[in-house]
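S.K.: Structure incoming, see below.
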Amino acid sequence: MDLTNRPPTTFNGNRAKALADGGFSPIFVCGFSGGVCLVPSPGVDQFAPGGEGAGFTTLTDIYEWRGNFTKVIRNHTLTAGLSYETDKLTEDSNSDGLTFSADQTSDPQNGGGNTGYGLASYLLGTAAVGAKRDTAGSTTGQNGIGGYFMDKWKATSRLTLNVGLRYDFQAYPLWGNLKDPVSAVGEIDFNNGTYILQRAVASCANTGNIAPCIPGTSLPANVVISPNNRLWQNTKTNFQPRLGLAYRLTDKMVLRASFGITDDLWAGITQSGQNASGSWPSNSQPLVSSNAIGAPVSVNFQNPIAVTGAPLTNAPPPTPFHQLSFFRDPQEKNPYSEQWNFGLERQIDANTVVTANYVGSQTHRLNVGGLYNTALTPGPNLNPDGTLATTPAEVAAAFAARQLWPGIDPTFYDRGVGNSSYNALQIAARNRGSHGLSYLVSYTYSKAIDVGSDGFFGVEGTSVQDPYHLARDRSVAGFDLTHVLSASFIAESPFGKGKRFSSNNAVVDYVVGNWQLNGIYTYTSGQPFTILVPGDGPNIRQNSPSWDAINRPNLVGNPNAGSCPGGAAVGTASCWFNTSAFATPAIYTFGNLGRNTLRGARFQNVDMSLFRSFPFAEKRRLEFRAEAYNLLNHVNLGQPDATVGDAGFGKVTSTRGTERQLQLALKLFF
């Protein structure tokens with residue numbers, strides 16, 4: 001791996017000296033792979049980030065072998081196949097960063113983060129999070145094998161059945177080659193409170209305190225070594241039956257239905273390998289956090305990772321249980337979806353077909369991320385005698401007494417405990433080239449529901465207020481669109497040579513012919529969004545200062561009626577919802593507002609184009625195109641600011657889609 005070709009960075013002179021003059025420790029800002037020094041990102045809440053980074057990520061070495069076999073025996077068409085693939089991702093990532101949160105300048109007895117200000121924390125130098133990343137390695141051992149068998153049986157002249165079964169096995173990856181030091185990484189297992197090492201590692205006494213190594217003469221308590229060099233257990237039960245039928249009711253009407261189970265084999269596994277990079281007992285991705293409401297600030301901006309040895313050669317901490325990273329349940333299994341549909345297709349005439357379908361699915365073992373091992377219930381940190389904990393030692397002990405696994409810091413943790421459902425009515429009409437006109441009109445009325453998260457690693461639509469009671473976060477998915485209407489057409493000019501209206505004059509036909517008009521209209525309902533409250537008012541440490549707030553307010557009014565404090569009417573860009581309808585919960589309590597309870601603006605768009613073809617010679621032609629995107633220049637509002645306390649709370653400051661765009665083009669066909 002070539003670590004010398006770096007992107008250009010600032011400070012063309014002595015970068016190390018310039019950063020040292022700025023007060024930064026060289027332990028924090030220098031010593032990255034390739035010998036570079038990097039300006040850390042300041043990461044101030046509500047302000048644009050800065051800083052710089054270096055590195056690359058490439059998906060390489062993808063090999064696939066596939067084979068299929070088909071045999072027809074009377075009314076049966078038998079098909080079988082096998083597939084095998086190997087994949088490897090290579091990454092080199094270097095960055096250092098600071099996060100300045102409102103929490104560090106907030107009043108813990110008066111609304112938590114609502115009373116602080118990220119810029120004030122920055123000016124005081126009270127960083128909430130300090131992070132450094134210097135990882136280089138590859139995911140290896142990521143292999144997949146699959147096979148299927150299907151019988152397409154024409155049972156009668158009217159009935160056709162499809163019966164099949166598929167099996168897949170996808171091996172979770174290793175991080176690095178087991179002979180390479182970068183493979184000395186681990187994973188937390190909150191099922192039993194242990195830390196799993198991917199492989200055995202030497203004692204620091206034998207490496208000269210050069211990481212990766214194990215501090216002391218033996219493994220720390222509750223640290224184990226994987227028996228098979230794997231951090232995650234592979235799923236071996238991915239059997240996926242399929243059943244489908246088509247029945248011809250009349251010469252112009254067909255009934256179709258099907259059911260099948262589909263596994264998601266690639267559910268974030270490559271990213272999981274990357275997330276493990278640099279974890280204990282390696283020390284190439286240290287991250288330190290001080291995120292407890294009321295806890296004394298312990299992270300400074302000059303050297304937030306607080307190490308004293310040379311970068312990447314200092315011994316790891318005595319225990320792996322104080323890391324803030326992205327871990328994943330080692331026992332998580334591949335998600336799977338049960339999917340079905342039932343519908344009718346009716347031929348109206350030789351060119352027009354109408355379909356109506358009910359489509360449904362239930363999906364299980366979906367990923368739910370976010371912080372885990374937070375406090376089991378909201379509340380203050382109390383000493384055994386009932387007084388409020390104030391010193392760092394008292395706060396740590398009192399908080400540990402409220403945890404699921406005392407002594408393990410809250411960290412991002414992905415679990416396969418989510419589920420979702422989708423139900424839809426889908427109607428479509430299509431016409432293929434009748435008198436030069438083709439069109440497709442489709443409409444979907446649907447609802448998508450999931451629990452806590454729309455995606456992976458706590459970053460894709462995740463809003464889990466209480467990780468121990470996920471049912472409270474069951475709601476419409478962030479991508480749910482109740483209504484979706486799409487209409488498109490292609491209209492060829494009926495004039496010209498060979499068309500319906502021909503003048504039989506070559507010159508006239510050439511002038512009036514060869515035109516084509518195209519159009520697409522799209523309409524969708526607004527997307528859901530969640531109102532959030534910054535800070536960790538409940539005091540369960542479910543809000544990392546380096547991440548979005550996930551606590552929610554109390555609903556005290558109708559958000560869809562009235563006006564905002566400034567007088568603007570609800571439903572406008574300056575007042576999308578009634579901001580007075582939400583109140584910050586009392587300290588040490590959760591808000592009562594649900595997840596994804598409000599919706600943004602609907603979306604409408606019209607695209608049009610006009611083509612003119614100029615044929616010449618025998619098989620050549622020049623085509624002129626005039627295209628207009630968002631022809632009507634319709635303003636589609638984006639999502640509003642949904643964080644209580646923000647200066648723009650309730651306001652829409654962005655658009656969804658682009659303004660009208662016009663373009664002209666010439667295309668030569670030869």
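So you can find residues: chains in the structure tokens are A, B, ... in the order shown, residues in each start at 1, and ligands are numbered from 1 in order.
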If we count only C-alpha atoms, what is near Gly176 of chain A at a cut-off of 7 Å, once residues fewer than 3 positions away on the same chain are taken out, given as a list in words?
M.R.: Gly137, Ser138, Thr139, Thr140, Asp180, Val182 and Ser183 of chain A
S.K.: Write a file of the just-selected residues containing N, CA, C and O atoms, as an mmCIF file, in the first residue's frame.
M.R.:
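For reference, out_19.cif as written:
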data_model
loop_
_atom_site.group_PDB
_atom_site.id
_atom_site.type_symbol
_atom_site.label_atom_id
_atom_site.label_comp_id
_atom_site.auth_asym_id
_atom_site.auth_seq_id
_atom_site.Cartn_x
_atom_site.Cartn_y
_atom_site.Cartn_z
ATOM 1 N N GLY A 137 -5.192 -0.347 6.295
ATOM 2 C CA GLY A 137 -5.354 -1.798 6.229
ATOM 3 C C GLY A 137 -6.438 -2.181 5.252
ATOM 4 O O GLY A 137 -6.949 -1.348 4.497
ATOM 5 N N SER A 138 -6.805 -3.454 5.285
ATOM 6 C CA SER A 138 -7.791 -3.977 4.337
ATOM 7 C C SER A 138 -8.725 -4.945 5.043
ATOM 8 O O SER A 138 -8.352 -5.595 6.026
ATOM 9 N N THR A 139 -9.958 -5.034 4.528
ATOM 10 C CA THR A 139 -10.838 -6.116 4.938
ATOM 11 C C THR A 139 -10.451 -7.351 4.134
ATOM 12 O O THR A 139 -10.230 -7.269 2.920
ATOM 13 N N THR A 140 -10.348 -8.469 4.809
ATOM 14 C CA THR A 140 -9.966 -9.712 4.142
ATOM 15 C C THR A 140 -10.922 -10.819 4.564
ATOM 16 O O THR A 140 -11.656 -10.687 5.539
ATOM 17 N N ASP A 180 -0.420 -9.288 10.083
ATOM 18 C CA ASP A 180 -0.125 -7.865 10.073
ATOM 19 C C ASP A 180 -0.530 -7.264 11.420
ATOM 20 O O ASP A 180 -1.586 -7.595 11.952
ATOM 21 N N VAL A 182 -1.913 -4.539 12.141
ATOM 22 C CA VAL A 182 -3.183 -3.820 12.130
ATOM 23 C C VAL A 182 -4.361 -4.733 12.430
ATOM 24 O O VAL A 182 -5.452 -4.262 12.750
ATOM 25 N N SER A 183 -4.175 -6.053 12.338
ATOM 26 C CA SER A 183 -5.277 -6.979 12.607
ATOM 27 C C SER A 183 -5.514 -7.187 14.094
ATOM 28 O O SER A 183 -6.435 -7.900 14.486
#
S.K.: Within 8 Å of segment 267-283 of chain A, counting only C-alpha atoms, which residues show up once you throw out same-chain ones fewer than 5 positions away? Write them as number ranges by chain, please.
M.R.: A: 89, 91, 133-135, 137, 139, 172-175, 182-187, 211-214, 312, 314-317, 320, 323, 325-328, 334-335, 456
S.K.: Got time to write the residues from that selection, N, CA and C atoms, as a compact mmCIF listing (two decimals), in the first residue's frame?
M.R.:
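Heads up, here's the output in out_3.txt:
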# COMPACT_ATOMS: atom_id res chain seq x y z
N LEU A 89 -11.64 -4.54 0.69
CA LEU A 89 -11.60 -3.08 0.70
C LEU A 89 -10.32 -2.63 1.37
N GLU A 91 -8.12 0.63 2.91
CA GLU A 91 -8.35 1.97 3.45
C GLU A 91 -7.09 2.52 4.09
N ARG A 133 -7.30 9.59 14.10
CA ARG A 133 -7.44 8.37 13.31
C ARG A 133 -6.25 8.25 12.38
N ASP A 134 -5.54 7.14 12.49
CA ASP A 134 -4.41 6.86 11.62
C ASP A 134 -4.41 5.37 11.32
N THR A 135 -5.31 4.98 10.46
CA THR A 135 -5.51 3.55 10.18
C THR A 135 -5.20 3.27 8.72
N GLY A 137 -5.19 -0.35 6.29
CA GLY A 137 -5.35 -1.80 6.23
C GLY A 137 -6.44 -2.18 5.25
N THR A 139 -9.96 -5.03 4.53
CA THR A 139 -10.84 -6.12 4.94
C THR A 139 -10.45 -7.35 4.13
N TYR A 172 -18.33 -12.89 7.30
CA TYR A 172 -17.93 -11.57 7.77
C TYR A 172 -16.42 -11.41 7.59
N PRO A 173 -15.96 -10.18 7.38
CA PRO A 173 -14.54 -10.00 7.07
C PRO A 173 -13.67 -9.95 8.32
N LEU A 174 -12.38 -10.10 8.11
CA LEU A 174 -11.36 -9.76 9.09
C LEU A 174 -10.90 -8.34 8.80
N TRP A 175 -10.37 -7.68 9.82
CA TRP A 175 -9.69 -6.42 9.53
C TRP A 175 -8.20 -6.70 9.48
N VAL A 182 -1.91 -4.54 12.14
CA VAL A 182 -3.18 -3.82 12.13
C VAL A 182 -4.36 -4.73 12.43
N SER A 183 -4.18 -6.05 12.34
CA SER A 183 -5.28 -6.98 12.61
C SER A 183 -5.51 -7.19 14.09
N ALA A 184 -4.69 -6.58 14.95
CA ALA A 184 -4.88 -6.68 16.39
C ALA A 184 -5.96 -5.69 16.82
N VAL A 185 -7.22 -6.10 16.67
CA VAL A 185 -8.36 -5.25 16.98
C VAL A 185 -9.37 -6.07 17.77
N GLY A 186 -10.43 -5.42 18.22
CA GLY A 186 -11.41 -6.13 19.02
C GLY A 186 -12.81 -5.59 18.86
N GLU A 187 -13.74 -6.23 19.54
CA GLU A 187 -15.17 -5.92 19.44
C GLU A 187 -15.83 -6.16 20.79
N ALA A 211 2.33 -0.29 20.61
CA ALA A 211 1.03 -0.88 20.26
C ALA A 211 1.10 -1.43 18.83
N PRO A 212 0.32 -2.54 18.55
CA PRO A 212 -0.63 -3.19 19.47
C PRO A 212 0.05 -4.13 20.44
N CYS A 213 -0.43 -4.09 21.70
CA CYS A 213 0.10 -4.97 22.71
C CYS A 213 -0.87 -5.01 23.88
N ILE A 214 -0.68 -5.99 24.78
CA ILE A 214 -1.54 -6.13 25.94
C ILE A 214 -0.81 -5.57 27.15
N LEU A 312 1.32 6.45 17.83
CA LEU A 312 1.23 5.09 17.30
C LEU A 312 2.25 4.14 17.91
N ASN A 314 2.69 4.40 21.53
CA ASN A 314 2.37 4.36 22.95
C ASN A 314 1.53 3.12 23.24
N ALA A 315 1.67 2.59 24.44
CA ALA A 315 0.90 1.42 24.84
C ALA A 315 -0.57 1.78 24.92
N PRO A 316 -1.47 0.83 24.62
CA PRO A 316 -2.90 1.10 24.73
C PRO A 316 -3.31 1.27 26.19
N PRO A 317 -4.49 1.79 26.46
CA PRO A 317 -4.97 1.93 27.83
C PRO A 317 -5.05 0.56 28.51
N PRO A 320 -10.00 -2.16 27.54
CA PRO A 320 -10.65 -1.74 26.30
C PRO A 320 -12.04 -1.16 26.51
N GLN A 323 -13.54 2.86 25.39
CA GLN A 323 -13.47 3.36 24.02
C GLN A 323 -14.82 3.91 23.60
N SER A 325 -16.47 4.16 20.16
CA SER A 325 -16.25 3.75 18.78
C SER A 325 -17.55 3.18 18.24
N PHE A 326 -17.48 2.63 17.02
CA PHE A 326 -18.64 2.00 16.39
C PHE A 326 -18.45 0.49 16.47
N PHE A 327 -19.11 -0.12 17.45
CA PHE A 327 -19.04 -1.56 17.60
C PHE A 327 -20.33 -2.19 17.08
N ARG A 328 -20.28 -3.52 16.94
CA ARG A 328 -21.43 -4.24 16.39
C ARG A 328 -21.60 -5.55 17.14
N ASN A 334 -27.73 -12.07 9.69
CA ASN A 334 -28.14 -11.39 8.47
C ASN A 334 -29.62 -11.04 8.53
N PRO A 335 -30.00 -9.82 8.18
CA PRO A 335 -31.42 -9.48 8.10
C PRO A 335 -32.10 -10.27 6.98
N PHE A 456 -27.92 2.22 9.02
CA PHE A 456 -26.85 1.60 9.79
C PHE A 456 -26.07 2.60 10.63
S.K.: Select from segment 161-377 of chain A everything DSSP, run on the backbone, classes as helix (DSSP H, G or I), then give the selection as a PyMOL selection string.
M.R.: chain A and resi 181-183+204-207+269-276
S.K.: Just the residues within 10 Å of Arg402 of chain A, please, counting only C-alpha atoms, with nothing from its chain fewer than 4 positions along; format it as a list in words.
M.R.: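 Surrounding residues, per the criterion: Asn373, Thr374, Ala375, Leu376, Thr377, Pro378, Gly379, Pro380, Asn381, Leu382, Ala397, Ala398, Pro406 and Ile540 of chain A.
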S.K.: Next, dump the selected residues to file, keeping only N, CA, C and O atoms, as an mmCIF file, in the first residue's frame.
M.R.:
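Once everything was written out, this is selection.cif:
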data_model
loop_
_atom_site.group_PDB
_atom_site.id
_atom_site.type_symbol
_atom_site.label_atom_id
_atom_site.label_comp_id
_atom_site.auth_asym_id
_atom_site.auth_seq_id
_atom_site.Cartn_x
_atom_site.Cartn_y
_atom_site.Cartn_z
ATOM 1 N N ASN A 373 -25.393 0.825 26.262
ATOM 2 C CA ASN A 373 -24.880 0.759 27.630
ATOM 3 C C ASN A 373 -24.964 2.117 28.300
ATOM 4 O O ASN A 373 -24.143 2.467 29.150
ATOM 5 N N THR A 374 -25.946 2.891 27.883
ATOM 6 C CA THR A 374 -26.296 4.113 28.591
ATOM 7 C C THR A 374 -26.997 3.728 29.891
ATOM 8 O O THR A 374 -27.199 2.550 30.180
ATOM 9 N N ALA A 375 -27.381 4.715 30.690
ATOM 10 C CA ALA A 375 -28.108 4.415 31.923
ATOM 11 C C ALA A 375 -29.435 3.755 31.587
ATOM 12 O O ALA A 375 -30.080 4.077 30.583
ATOM 13 N N LEU A 376 -29.858 2.838 32.447
ATOM 14 C CA LEU A 376 -31.090 2.091 32.188
ATOM 15 C C LEU A 376 -32.322 2.977 32.269
ATOM 16 O O LEU A 376 -33.310 2.735 31.563
ATOM 17 N N THR A 377 -32.281 3.994 33.110
ATOM 18 C CA THR A 377 -33.415 4.909 33.262
ATOM 19 C C THR A 377 -32.893 6.326 33.429
ATOM 20 O O THR A 377 -31.763 6.530 33.902
ATOM 21 N N PRO A 378 -33.674 7.338 33.071
ATOM 22 C CA PRO A 378 -33.257 8.722 33.310
ATOM 23 C C PRO A 378 -33.142 8.994 34.805
ATOM 24 O O PRO A 378 -33.786 8.332 35.627
ATOM 25 N N GLY A 379 -32.334 9.970 35.142
ATOM 26 C CA GLY A 379 -32.215 10.348 36.544
ATOM 27 C C GLY A 379 -30.873 10.956 36.850
ATOM 28 O O GLY A 379 -29.945 10.920 36.038
ATOM 29 N N PRO A 380 -30.730 11.518 38.056
ATOM 30 C CA PRO A 380 -29.457 12.111 38.460
ATOM 31 C C PRO A 380 -28.458 11.039 38.884
ATOM 32 O O PRO A 380 -28.822 9.895 39.168
ATOM 33 N N ASN A 381 -27.197 11.425 38.921
ATOM 34 C CA ASN A 381 -26.159 10.555 39.459
ATOM 35 C C ASN A 381 -26.059 10.814 40.962
ATOM 36 O O ASN A 381 -25.637 11.889 41.397
ATOM 37 N N LEU A 382 -26.465 9.823 41.747
ATOM 38 C CA LEU A 382 -26.539 9.992 43.192
ATOM 39 C C LEU A 382 -25.530 9.113 43.902
ATOM 40 O O LEU A 382 -25.275 7.966 43.500
ATOM 41 N N ALA A 397 -18.837 6.542 39.578
ATOM 42 C CA ALA A 397 -19.401 5.435 40.360
ATOM 43 C C ALA A 397 -20.916 5.452 40.323
ATOM 44 O O ALA A 397 -21.562 4.399 40.184
ATOM 45 N N ALA A 398 -21.515 6.633 40.444
ATOM 46 C CA ALA A 398 -22.971 6.723 40.452
ATOM 47 C C ALA A 398 -23.553 6.354 39.091
ATOM 48 O O ALA A 398 -24.590 5.687 39.010
ATOM 49 N N PRO A 406 -21.901 -2.195 34.192
ATOM 50 C CA PRO A 406 -21.073 -1.186 34.871
ATOM 51 C C PRO A 406 -19.612 -1.299 34.462
ATOM 52 O O PRO A 406 -19.078 -2.394 34.268
ATOM 53 N N ILE A 540 -28.719 10.059 30.648
ATOM 54 C CA ILE A 540 -28.397 8.638 30.470
ATOM 55 C C ILE A 540 -27.191 8.466 29.548
ATOM 56 O O ILE A 540 -26.806 7.364 29.222
#
S.K.: Can I get the residues of segment 559-626 of chain A within 7 Å of segment 631-649 of chain A, each with the closest pair of atoms and their distance in Å to one decimal, using only C-alpha atoms, sorted chain first then ascending number, as a tab-separated table?
M.R.:
residue	atom	partner	partner_atom	distance
A:Trp576	CA	A:Pro640	CA	6.8
A:Gly600	CA	A:Gln639	CA	5.4
A:Ala601	CA	A:Leu637	CA	5.8
A:Phe603	CA	A:Asn636	CA	5.7
A:Gln604	CA	A:Asn636	CA	6.9
A:Asn605	CA	A:His634	CA	6.9
A:Val606	CA	A:Leu631	CA	5.6
A:Asp607	CA	A:Leu631	CA	5.7
A:Met608	CA	A:Leu631	CA	6.7
S.K.: Would you list, as a PyMOL selection string, the residues of segment 347-495 of chain A that end up in strand (DSSP E or B) under DSSP run on this structure's backbone?
M.R.: chain A and resi 347+352-368+371-372+375+382+388+403+411-434+437-451+474-476+483-492+495
S.K.: For Ile408 of chain A, work out the shell of residues within 12 Å, counting only C-alpha atoms and skipping chain neighbours fewer than 6 positions away, then give it as a list in words.
M.R.: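 That gives Ile188, Asp189, Phe190, Asn192, Gly193, Thr194, Tyr195, Ala221, Asn222, Thr319, Pro320, Phe321, His322, Gln323, Leu324, Tyr372, Asn373, Thr374, Ala375, Ala396, Ala397, Phe399, Ala400, Ala401 and Arg402 of chain A.
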S.K.: Which neighbours of segment 504-518 of chain A fall inside 6 Å, counting only C-alpha atoms, when residues of the same chain fewer than 6 positions from it are skipped, and could you give them as a short mmCIF file (atom, residue, chain, number, x, y, z; two decimals) with all heavy atoms, in the first residue's frame?
M.R.:
data_model
loop_
_atom_site.label_atom_id
_atom_site.label_comp_id
_atom_site.auth_asym_id
_atom_site.auth_seq_id
_atom_site.Cartn_x
_atom_site.Cartn_y
_atom_site.Cartn_z
N PHE A 489 -44.26 10.68 -20.82
CA PHE A 489 -44.75 10.44 -22.18
C PHE A 489 -43.65 10.72 -23.19
O PHE A 489 -42.70 11.46 -22.94
CB PHE A 489 -45.97 11.31 -22.48
CG PHE A 489 -45.65 12.77 -22.67
CD1 PHE A 489 -45.34 13.27 -23.94
CD2 PHE A 489 -45.64 13.65 -21.60
CE1 PHE A 489 -45.03 14.61 -24.13
CE2 PHE A 489 -45.35 14.99 -21.78
CZ PHE A 489 -45.04 15.47 -23.05
N ILE A 490 -43.78 10.10 -24.34
CA ILE A 490 -42.96 10.38 -25.52
C ILE A 490 -43.92 10.56 -26.67
O ILE A 490 -44.72 9.66 -26.98
CB ILE A 490 -41.99 9.22 -25.83
CG1 ILE A 490 -41.01 9.01 -24.67
CG2 ILE A 490 -41.24 9.49 -27.13
CD1 ILE A 490 -40.12 7.80 -24.86
N ALA A 491 -43.90 11.73 -27.29
CA ALA A 491 -44.81 12.04 -28.40
C ALA A 491 -44.00 12.38 -29.64
O ALA A 491 -43.29 13.39 -29.68
CB ALA A 491 -45.73 13.20 -28.03
N GLU A 492 -44.10 11.51 -30.63
CA GLU A 492 -43.41 11.76 -31.89
C GLU A 492 -44.32 12.56 -32.82
O GLU A 492 -45.55 12.40 -32.80
CB GLU A 492 -43.03 10.45 -32.55
CG GLU A 492 -42.07 9.60 -31.73
CD GLU A 492 -41.76 8.28 -32.41
OE1 GLU A 492 -42.38 7.99 -33.47
OE2 GLU A 492 -40.92 7.53 -31.90
N SER A 493 -43.72 13.40 -33.62
CA SER A 493 -44.49 14.20 -34.56
C SER A 493 -45.21 13.30 -35.56
O SER A 493 -44.61 12.38 -36.14
CB SER A 493 -43.58 15.17 -35.31
OG SER A 493 -44.26 15.79 -36.38
N PHE A 495 -46.18 14.17 -38.38
CA PHE A 495 -45.93 14.71 -39.71
C PHE A 495 -44.60 14.20 -40.24
O PHE A 495 -43.68 13.92 -39.49
CB PHE A 495 -45.92 16.24 -39.69
CG PHE A 495 -47.17 16.85 -39.12
CD1 PHE A 495 -47.20 17.31 -37.81
CD2 PHE A 495 -48.33 16.94 -39.89
CE1 PHE A 495 -48.33 17.86 -37.28
CE2 PHE A 495 -49.48 17.50 -39.36
CZ PHE A 495 -49.49 17.96 -38.06
N GLY A 496 -44.50 14.11 -41.58
CA GLY A 496 -43.25 13.75 -42.20
C GLY A 496 -43.31 12.42 -42.92
O GLY A 496 -44.34 11.73 -42.94
N LYS A 497 -42.18 12.04 -43.51
CA LYS A 497 -42.10 10.84 -44.31
C LYS A 497 -42.39 9.60 -43.46
O LYS A 497 -41.82 9.42 -42.40
CB LYS A 497 -40.70 10.73 -44.93
CG LYS A 497 -40.52 9.52 -45.82
CD LYS A 497 -39.11 9.49 -46.42
CE LYS A 497 -38.91 8.26 -47.30
NZ LYS A 497 -37.54 8.21 -47.87
N MET A 608 -39.06 18.55 -19.17
CA MET A 608 -39.51 18.46 -20.56
C MET A 608 -38.30 18.52 -21.49
O MET A 608 -37.27 19.13 -21.15
CB MET A 608 -40.47 19.60 -20.91
CG MET A 608 -41.76 19.61 -20.12
SD MET A 608 -42.94 18.37 -20.69
CE MET A 608 -43.44 19.08 -22.26
N SER A 609 -38.47 17.91 -22.64
CA SER A 609 -37.41 17.99 -23.65
C SER A 609 -38.03 17.95 -25.04
O SER A 609 -39.09 17.35 -25.25
CB SER A 609 -36.39 16.86 -23.47
OG SER A 609 -37.00 15.60 -23.67
N LEU A 610 -37.34 18.58 -25.98
CA LEU A 610 -37.76 18.61 -27.38
C LEU A 610 -36.58 18.17 -28.23
O LEU A 610 -35.50 18.76 -28.15
CB LEU A 610 -38.20 20.02 -27.78
CG LEU A 610 -38.70 20.20 -29.22
CD1 LEU A 610 -39.98 19.39 -29.44
CD2 LEU A 610 -38.94 21.67 -29.53
N PHE A 611 -36.78 17.12 -29.02
CA PHE A 611 -35.73 16.59 -29.88
C PHE A 611 -36.09 16.86 -31.34
O PHE A 611 -37.25 16.80 -31.72
CB PHE A 611 -35.56 15.08 -29.70
CG PHE A 611 -35.08 14.65 -28.35
CD1 PHE A 611 -34.98 13.30 -28.04
CD2 PHE A 611 -34.71 15.57 -27.38
CE1 PHE A 611 -34.54 12.88 -26.81
CE2 PHE A 611 -34.27 15.17 -26.14
CZ PHE A 611 -34.19 13.81 -25.85
N ARG A 612 -35.07 17.13 -32.14
CA ARG A 612 -35.25 17.26 -33.60
C ARG A 612 -34.13 16.48 -34.27
O ARG A 612 -32.94 16.74 -34.02
CB ARG A 612 -35.22 18.72 -34.04
CG ARG A 612 -35.23 18.93 -35.55
CD ARG A 612 -36.48 18.37 -36.22
NE ARG A 612 -36.70 18.90 -37.54
CZ ARG A 612 -36.28 18.35 -38.68
NH1 ARG A 612 -35.56 17.24 -38.63
NH2 ARG A 612 -36.56 18.90 -39.84
N SER A 613 -34.50 15.50 -35.08
CA SER A 613 -33.52 14.66 -35.75
C SER A 613 -33.33 15.12 -37.19
O SER A 613 -34.30 15.43 -37.89
CB SER A 613 -33.99 13.20 -35.71
OG SER A 613 -33.05 12.36 -36.33
#
S.K.: Closest to Tyr84 of chain A among A:Gly260, A:Gly144, A:Gly535, A:Pro49, using only C-alpha atoms?
M.R.: A:Gly144
S.K.: Env of segment 234-237 of chain A: 9 Å cut, atoms = only C-alpha atoms, seq-sep filter 3 positions within chain, self excluded. Answer as a ChimeraX atom specification.
M.R.: /A:167-172,230,331-334
S.K.: Do you know which residues are at most 9 Å from Trp65 of chain A counting only C-alpha atoms, after dropping those on the same chain fewer than 5 positions away, and could you put them as an NGL selection string?
M.R.: :A and (82-85)
S.K.: Include N, CA, C and O atoms and write out the residues we just selected as a PDB file, in the first residue's frame.
M.R.:
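Saved file out-v4.pdb follows:
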ATOM      1  N   LEU A  82     -24.905 -21.673  -9.248  1.00  0.00           N
ATOM      2  CA  LEU A  82     -23.989 -21.472  -8.137  1.00  0.00           C
ATOM      3  C   LEU A  82     -23.218 -20.181  -8.358  1.00  0.00           C
ATOM      4  O   LEU A  82     -22.975 -19.764  -9.505  1.00  0.00           O
ATOM      5  N   SER A  83     -22.820 -19.553  -7.265  1.00  0.00           N
ATOM      6  CA  SER A  83     -22.013 -18.336  -7.365  1.00  0.00           C
ATOM      7  C   SER A  83     -21.009 -18.305  -6.223  1.00  0.00           C
ATOM      8  O   SER A  83     -21.264 -18.835  -5.132  1.00  0.00           O
ATOM      9  N   TYR A  84     -19.872 -17.692  -6.478  1.00  0.00           N
ATOM     10  CA  TYR A  84     -18.847 -17.520  -5.455  1.00  0.00           C
ATOM     11  C   TYR A  84     -18.150 -16.195  -5.717  1.00  0.00           C
ATOM     12  O   TYR A  84     -17.864 -15.837  -6.870  1.00  0.00           O
ATOM     13  N   GLU A  85     -17.891 -15.445  -4.645  1.00  0.00           N
ATOM     14  CA  GLU A  85     -17.229 -14.158  -4.823  1.00  0.00           C
ATOM     15  C   GLU A  85     -16.332 -13.854  -3.637  1.00  0.00           C
ATOM     16  O   GLU A  85     -16.558 -14.324  -2.516  1.00  0.00           O
TER      17      GLU A  85
END
S.K.: In terms of the shortest atom-to-atom distance over only C-alpha atoms, which of A:Gly130, A:Pro553, A:Gly407, A:Pro392 is closest to Ser95 of chain A?
M.R.: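 Closest candidate: A:Gly130.
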S.K.: Just checking: using only C-alpha atoms, which residue out of A:Pro220, A:Pro181, A:Pro26, A:Gly557 ends up closest to Asn578 of chain A?
M.R.: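 Looking only at the distances to Asn578 of chain A, the closest residue turns out to be A:Gly557.
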S.K.: Per residue of segment 381-438 of chain A within 12 Å of segment 340-346 of chain A, record the nearest atom pair and its distance in Å to one decimal, counting only C-alpha atoms, with rows in chain order and ascending residue number, as a tab-separated table.
M.R.:
residue	atom	partner	partner_atom	distance
A:Ser421	CA	A:Trp340	CA	11.6
A:Tyr422	CA	A:Trp340	CA	10.3
A:Asn423	CA	A:Asn341	CA	9.6
A:Ala424	CA	A:Asn341	CA	9.5
A:Leu425	CA	A:Gly343	CA	9.5
A:Gln426	CA	A:Gly343	CA	9.0
A:Ile427	CA	A:Gly343	CA	9.6
A:Ala428	CA	A:Glu345	CA	9.5
A:Ala429	CA	A:Arg346	CA	9.5
A:Arg430	CA	A:Arg346	CA	10.9
